[in-house]
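Student: Below is input.txt; it holds compact mmCIF, N, CA and C atoms.
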```
# COMPACT_ATOMS: atom_id res chain seq x y z
N MET A 19 2.09 -2.81 -1.34
CA MET A 19 1.18 -3.57 -0.52
C MET A 19 -0.22 -3.40 -1.08
N ASP A 20 -0.82 -4.52 -1.32
CA ASP A 20 -2.20 -4.49 -1.77
C ASP A 20 -2.91 -5.58 -1.01
N GLY A 21 -3.89 -5.20 -0.24
CA GLY A 21 -4.56 -6.25 0.49
C GLY A 21 -5.39 -5.73 1.63
N ARG A 22 -5.64 -6.66 2.53
CA ARG A 22 -6.51 -6.37 3.66
C ARG A 22 -5.77 -6.63 4.96
N GLU A 23 -6.07 -5.81 5.92
CA GLU A 23 -5.57 -5.98 7.27
C GLU A 23 -6.71 -5.65 8.22
N THR A 24 -6.58 -6.05 9.46
CA THR A 24 -7.58 -5.68 10.46
C THR A 24 -6.89 -4.90 11.57
N ALA A 25 -7.65 -4.02 12.17
CA ALA A 25 -7.15 -3.21 13.28
C ALA A 25 -8.33 -2.84 14.17
N VAL A 26 -8.05 -2.69 15.46
CA VAL A 26 -9.09 -2.24 16.38
C VAL A 26 -9.05 -0.72 16.38
N LEU A 27 -10.16 -0.12 15.96
CA LEU A 27 -10.29 1.33 15.86
C LEU A 27 -11.63 1.75 16.42
N GLN A 28 -11.73 3.01 16.80
CA GLN A 28 -13.02 3.54 17.22
C GLN A 28 -13.74 4.04 15.97
N CYS A 29 -14.94 3.53 15.78
CA CYS A 29 -15.72 3.87 14.59
C CYS A 29 -16.30 5.28 14.73
N ASP A 30 -16.14 6.08 13.70
CA ASP A 30 -16.71 7.43 13.69
C ASP A 30 -18.23 7.39 13.59
N HIS A 31 -18.77 6.30 13.07
CA HIS A 31 -20.21 6.19 12.85
C HIS A 31 -20.95 5.72 14.10
N CYS A 32 -20.50 4.60 14.70
CA CYS A 32 -21.21 4.05 15.86
C CYS A 32 -20.53 4.37 17.18
N GLY A 33 -19.30 4.84 17.15
CA GLY A 33 -18.59 5.22 18.36
C GLY A 33 -17.99 4.07 19.14
N VAL A 34 -18.14 2.85 18.66
CA VAL A 34 -17.64 1.66 19.36
C VAL A 34 -16.23 1.33 18.89
N GLU A 35 -15.39 0.91 19.84
CA GLU A 35 -14.06 0.43 19.50
C GLU A 35 -14.21 -1.01 19.04
N ALA A 36 -13.95 -1.27 17.78
CA ALA A 36 -14.20 -2.59 17.20
C ALA A 36 -13.18 -2.89 16.11
N ASP A 37 -13.14 -4.15 15.69
CA ASP A 37 -12.30 -4.52 14.56
C ASP A 37 -12.78 -3.79 13.31
N HIS A 38 -11.84 -3.34 12.54
CA HIS A 38 -12.13 -2.72 11.24
C HIS A 38 -11.29 -3.45 10.20
N VAL A 39 -11.86 -3.67 9.04
CA VAL A 39 -11.12 -4.22 7.91
C VAL A 39 -10.57 -3.03 7.13
N LEU A 40 -9.27 -3.02 6.96
CA LEU A 40 -8.60 -1.94 6.23
C LEU A 40 -8.20 -2.48 4.87
N GLN A 41 -8.63 -1.82 3.82
CA GLN A 41 -8.32 -2.24 2.45
C GLN A 41 -7.31 -1.25 1.87
N TYR A 42 -6.21 -1.79 1.37
CA TYR A 42 -5.15 -0.97 0.81
C TYR A 42 -5.07 -1.11 -0.70
N ALA A 43 -4.70 -0.04 -1.34
CA ALA A 43 -4.35 -0.04 -2.76
C ALA A 43 -2.91 0.45 -2.82
N GLY A 44 -1.99 -0.47 -3.06
CA GLY A 44 -0.58 -0.11 -2.94
C GLY A 44 -0.29 0.13 -1.48
N ARG A 45 0.30 1.28 -1.17
CA ARG A 45 0.58 1.63 0.22
C ARG A 45 -0.48 2.57 0.80
N LEU A 46 -1.52 2.85 0.04
CA LEU A 46 -2.52 3.84 0.46
C LEU A 46 -3.77 3.17 0.99
N LEU A 47 -4.31 3.72 2.06
CA LEU A 47 -5.56 3.22 2.62
C LEU A 47 -6.70 3.62 1.68
N ALA A 48 -7.42 2.61 1.19
CA ALA A 48 -8.50 2.86 0.23
C ALA A 48 -9.87 2.85 0.91
N SER A 49 -10.06 2.00 1.93
CA SER A 49 -11.35 1.94 2.61
C SER A 49 -11.20 1.27 3.96
N THR A 50 -12.19 1.51 4.83
CA THR A 50 -12.28 0.83 6.12
C THR A 50 -13.72 0.39 6.30
N GLU A 51 -13.90 -0.73 7.01
CA GLU A 51 -15.24 -1.22 7.30
C GLU A 51 -15.31 -1.65 8.76
N CYS A 52 -16.27 -1.12 9.48
CA CYS A 52 -16.47 -1.44 10.90
C CYS A 52 -17.17 -2.79 11.02
N SER A 53 -16.62 -3.68 11.85
CA SER A 53 -17.24 -4.99 12.04
C SER A 53 -18.45 -4.91 12.97
N ASN A 54 -18.58 -3.80 13.70
CA ASN A 54 -19.71 -3.65 14.61
C ASN A 54 -20.97 -3.17 13.88
N CYS A 55 -20.85 -2.08 13.14
CA CYS A 55 -22.05 -1.50 12.51
C CYS A 55 -22.05 -1.65 10.99
N GLY A 56 -20.93 -2.07 10.41
CA GLY A 56 -20.86 -2.25 8.96
C GLY A 56 -20.59 -0.98 8.18
N PHE A 57 -20.43 0.15 8.88
CA PHE A 57 -20.17 1.41 8.17
C PHE A 57 -18.87 1.29 7.40
N THR A 58 -18.88 1.73 6.16
CA THR A 58 -17.71 1.68 5.31
C THR A 58 -17.34 3.08 4.84
N TRP A 59 -16.08 3.40 5.01
CA TRP A 59 -15.53 4.65 4.50
C TRP A 59 -14.69 4.31 3.29
N HIS A 60 -14.88 5.06 2.19
CA HIS A 60 -14.10 4.88 0.98
C HIS A 60 -13.39 6.19 0.65
N ARG A 61 -12.14 6.09 0.31
CA ARG A 61 -11.42 7.26 -0.20
C ARG A 61 -11.97 7.53 -1.59
N GLY A 62 -12.16 8.78 -1.93
CA GLY A 62 -12.67 9.13 -3.25
C GLY A 62 -11.75 8.63 -4.36
N GLU A 63 -12.35 8.22 -5.46
CA GLU A 63 -11.57 7.66 -6.58
C GLU A 63 -10.51 8.62 -7.09
N ALA A 64 -10.92 9.86 -7.30
CA ALA A 64 -9.97 10.84 -7.85
C ALA A 64 -8.83 11.08 -6.86
N ASP A 65 -9.18 11.18 -5.58
CA ASP A 65 -8.17 11.40 -4.54
C ASP A 65 -7.23 10.21 -4.46
N LEU A 66 -7.77 8.99 -4.50
CA LEU A 66 -6.95 7.79 -4.42
C LEU A 66 -5.98 7.73 -5.60
N ARG A 67 -6.46 7.99 -6.78
CA ARG A 67 -5.59 7.95 -7.96
C ARG A 67 -4.51 9.02 -7.90
N GLU A 68 -4.91 10.22 -7.49
CA GLU A 68 -3.93 11.32 -7.39
C GLU A 68 -2.85 11.00 -6.36
N GLU A 69 -3.26 10.50 -5.20
CA GLU A 69 -2.30 10.16 -4.15
C GLU A 69 -1.42 8.98 -4.57
N TYR A 70 -2.00 8.03 -5.30
CA TYR A 70 -1.22 6.89 -5.77
C TYR A 70 -0.13 7.35 -6.72
N VAL A 71 -0.46 8.23 -7.64
CA VAL A 71 0.54 8.73 -8.58
C VAL A 71 1.65 9.46 -7.83
N LYS A 72 1.31 10.29 -6.85
CA LYS A 72 2.32 10.98 -6.05
C LYS A 72 3.22 9.98 -5.33
N ASP A 73 2.58 8.96 -4.71
CA ASP A 73 3.34 7.95 -3.98
C ASP A 73 4.25 7.17 -4.92
N LEU A 74 3.74 6.80 -6.07
CA LEU A 74 4.53 6.06 -7.05
C LEU A 74 5.73 6.87 -7.52
N LEU A 75 5.51 8.14 -7.83
CA LEU A 75 6.62 8.99 -8.26
C LEU A 75 7.68 9.11 -7.17
N SER A 76 7.24 9.24 -5.93
CA SER A 76 8.16 9.32 -4.81
C SER A 76 8.97 8.03 -4.68
N ARG A 77 8.31 6.91 -4.81
CA ARG A 77 9.00 5.62 -4.69
C ARG A 77 10.01 5.42 -5.82
N VAL A 78 9.63 5.81 -7.04
CA VAL A 78 10.54 5.68 -8.17
C VAL A 78 11.74 6.61 -7.99
N TRP A 79 11.49 7.81 -7.56
CA TRP A 79 12.55 8.81 -7.39
C TRP A 79 13.55 8.39 -6.32
N THR A 80 13.07 7.77 -5.24
CA THR A 80 13.94 7.41 -4.12
C THR A 80 14.52 6.00 -4.22
N LYS A 81 14.10 5.23 -5.22
CA LYS A 81 14.56 3.84 -5.35
C LYS A 81 16.08 3.71 -5.44
N PRO A 82 16.77 4.50 -6.27
CA PRO A 82 18.24 4.36 -6.33
C PRO A 82 18.91 4.58 -4.98
N ALA A 83 18.48 5.57 -4.23
CA ALA A 83 19.08 5.82 -2.92
C ALA A 83 18.80 4.68 -1.95
N ARG A 84 17.60 4.10 -2.04
CA ARG A 84 17.28 2.97 -1.15
C ARG A 84 18.13 1.75 -1.49
N TRP A 85 18.36 1.50 -2.79
CA TRP A 85 19.22 0.38 -3.17
C TRP A 85 20.66 0.63 -2.74
N GLN A 86 21.14 1.85 -2.88
CA GLN A 86 22.50 2.16 -2.41
C GLN A 86 22.64 1.92 -0.92
N ARG A 87 21.63 2.34 -0.15
CA ARG A 87 21.65 2.13 1.30
C ARG A 87 21.68 0.63 1.63
N ARG A 88 20.87 -0.15 0.91
CA ARG A 88 20.86 -1.60 1.13
C ARG A 88 22.21 -2.22 0.77
N LEU A 89 22.80 -1.75 -0.32
CA LEU A 89 24.10 -2.28 -0.73
C LEU A 89 25.19 -1.99 0.31
N ARG A 90 25.16 -0.81 0.91
CA ARG A 90 26.14 -0.47 1.94
C ARG A 90 25.94 -1.32 3.20
N ARG A 91 24.68 -1.54 3.57
CA ARG A 91 24.39 -2.27 4.81
C ARG A 91 24.59 -3.78 4.66
N ARG A 92 24.14 -4.33 3.53
CA ARG A 92 24.17 -5.79 3.33
C ARG A 92 24.55 -6.08 1.88
N PRO A 93 25.81 -5.90 1.52
CA PRO A 93 26.18 -6.01 0.10
C PRO A 93 25.92 -7.39 -0.50
N VAL A 94 26.29 -8.45 0.17
CA VAL A 94 26.15 -9.79 -0.40
C VAL A 94 24.68 -10.17 -0.57
N SER A 95 23.90 -10.03 0.50
CA SER A 95 22.49 -10.43 0.41
C SER A 95 21.72 -9.54 -0.57
N THR A 96 22.08 -8.27 -0.64
CA THR A 96 21.40 -7.37 -1.58
C THR A 96 21.68 -7.79 -3.03
N LEU A 97 22.93 -8.12 -3.32
CA LEU A 97 23.27 -8.56 -4.67
C LEU A 97 22.59 -9.89 -5.01
N LEU A 98 22.44 -10.76 -4.03
CA LEU A 98 21.75 -12.03 -4.27
C LEU A 98 20.25 -11.83 -4.47
N GLU A 99 19.67 -10.83 -3.80
CA GLU A 99 18.24 -10.55 -3.91
C GLU A 99 17.88 -9.73 -5.15
N LEU A 100 18.85 -9.04 -5.71
CA LEU A 100 18.60 -8.11 -6.80
C LEU A 100 17.91 -8.74 -8.02
N PRO A 101 18.35 -9.89 -8.53
CA PRO A 101 17.67 -10.45 -9.70
C PRO A 101 16.18 -10.72 -9.47
N ALA A 102 15.84 -11.29 -8.32
CA ALA A 102 14.43 -11.57 -8.01
C ALA A 102 13.65 -10.27 -7.86
N ALA A 103 14.26 -9.28 -7.25
CA ALA A 103 13.58 -7.99 -7.07
C ALA A 103 13.29 -7.33 -8.42
N ILE A 104 14.24 -7.40 -9.32
CA ILE A 104 14.06 -6.83 -10.65
C ILE A 104 12.97 -7.59 -11.42
N ALA A 105 12.95 -8.90 -11.27
CA ALA A 105 11.98 -9.72 -11.99
C ALA A 105 10.56 -9.54 -11.47
N THR A 106 10.39 -9.33 -10.17
CA THR A 106 9.04 -9.25 -9.59
C THR A 106 8.47 -7.83 -9.57
N GLN A 107 9.30 -6.83 -9.72
CA GLN A 107 8.83 -5.44 -9.62
C GLN A 107 7.74 -5.09 -10.63
N PRO A 108 7.85 -5.47 -11.90
CA PRO A 108 6.77 -5.13 -12.84
C PRO A 108 5.42 -5.73 -12.44
N LEU A 109 5.41 -6.98 -11.99
CA LEU A 109 4.16 -7.61 -11.57
C LEU A 109 3.57 -6.91 -10.34
N LYS A 110 4.44 -6.55 -9.41
CA LYS A 110 3.99 -5.83 -8.22
C LYS A 110 3.34 -4.50 -8.62
N PHE A 111 3.96 -3.78 -9.54
CA PHE A 111 3.41 -2.52 -10.00
C PHE A 111 2.06 -2.71 -10.67
N VAL A 112 1.95 -3.72 -11.54
CA VAL A 112 0.69 -3.98 -12.25
C VAL A 112 -0.42 -4.29 -11.25
N ARG A 113 -0.13 -5.11 -10.23
CA ARG A 113 -1.15 -5.44 -9.22
C ARG A 113 -1.62 -4.19 -8.48
N GLU A 114 -0.67 -3.34 -8.08
CA GLU A 114 -1.05 -2.09 -7.40
C GLU A 114 -1.90 -1.22 -8.30
N PHE A 115 -1.47 -1.07 -9.54
CA PHE A 115 -2.16 -0.20 -10.49
C PHE A 115 -3.59 -0.69 -10.73
N VAL A 116 -3.75 -1.99 -10.91
CA VAL A 116 -5.08 -2.57 -11.12
C VAL A 116 -5.95 -2.35 -9.88
N ALA A 117 -5.38 -2.49 -8.69
CA ALA A 117 -6.14 -2.27 -7.46
C ALA A 117 -6.63 -0.83 -7.38
N VAL A 118 -5.80 0.11 -7.80
CA VAL A 118 -6.21 1.53 -7.78
C VAL A 118 -7.29 1.78 -8.82
N LEU A 119 -7.16 1.20 -9.98
CA LEU A 119 -8.16 1.41 -11.04
C LEU A 119 -9.52 0.79 -10.69
N ARG A 120 -9.52 -0.26 -9.90
CA ARG A 120 -10.76 -0.92 -9.52
C ARG A 120 -11.57 -0.10 -8.53
N ARG A 121 -10.97 0.83 -7.88
CA ARG A 121 -11.68 1.63 -6.86
C ARG A 121 -12.63 2.59 -7.51
```
Can you present the structure in this file as structure tokens?

Tutor:
Amino acid sequence: MDGRETAVLQCDHCGVEADHVLQYAGRLLASTECSNCGFTWHRGEADLREEYVKDLLSRVWTKPARWQRRLRRRPVSTLLELPAAIATQPLKFVREFVAVLRR
């Protein structure tokens, strides 16, 4: 997941419960911005990269077990989805990696 979402949170800076824009790099929260006061919190670059590498290694390590679980639960649909999943995975990884490097 790389992108933006919004959530109603209480801002640590102004104390108001307001919409916040949440920016993700992969599955990791990279920054938040309060729509009330504009305060922005950024995860440190080194911390973000370190956590991303840990998350990526975990995802790679657990991928075979997740595919086996999917095959047991939904064998036909999983086999039909497999070629597209294999084809799109490298692009998904590159997008996540670029998002982390841009921070």

Student: Report, in Å with one decimal, the straight-line distance from atom CA of A:Pro82 to atom CA of A:Thr96.

Tutor: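 Those two atoms sit 13.0 Å apart.
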
Student: Between A:Pro108, A:Pro93, A:Pro101, A:Gly56, single out the one closest to A:His31, counting only C-alpha atoms.

Tutor: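 Of A:Pro108, A:Pro93, A:Pro101, A:Gly56, the one nearest A:His31, counting only C-alpha atoms, is A:Gly56.
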
Student: Would you work out the distance separating atom CA of A:Glu69 from atom CA of A:Arg22, expressed in Å to one decimal?

Tutor: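 Interatomic distance, atom CA of A:Glu69 to atom CA of A:Arg22: 18.8 Å.
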
Student: Taking into account all atoms listed in the file, which residue in the set A:Ala105, A:Gly21, A:Phe57, A:Gly62 is nearest to A:Leu40?

Tutor: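 Nearest to A:Leu40: A:Gly21.
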
Student: Enter the distance from atom N of A:Gly44 to atom CA of A:Gln107, in Å, rounded to one decimal.

Tutor: 13.6 Å

Student: Name all residues at most 12 Å from A:Phe115 (count only C-alpha atoms; drop same-chain ones fewer than 5 positions away) and give them as an MDAnalysis selection string.

Tutor: chainID A and resid 19:20 42:46 66:67 70:71 73:74 108:110 120:121

Student: Among chain A, which ones does DSSP assign to helix (DSSP H, G or I) (computed from the backbone)? Answer as number ranges by chain.

Tutor: A: 63-91, 93-120

Student: Per DSSP on the backbone, what are the strand (DSSP E or B) residues of chain A, as an MDAnalysis selection string?

Tutor: chainID A and resid 21:28 35:43 46:52 58:60

Student: For a quick check of understanding, using only C-alpha atoms, which of A:Leu97, A:Ala25, A:Leu89, A:Ala83 has the smallest distance to A:Cys52?

Tutor: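 Checking each of A:Leu97, A:Ala25, A:Leu89, A:Ala83 against A:Cys52, counting only C-alpha atoms, the winner is A:Ala25.
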
Student: Around all listed atoms of stretch 24-39 of chain A, padded 3 Å per side, what centre and edge lengths does the axis-aligned box have in Å to one decimal, as AutoDock Vina command-line options?

Tutor:
```
--center_x -13.9 --center_y 0.7 --center_z 13.5 --size_x 20.6 --size_y 19.5 --size_z 18.7
```
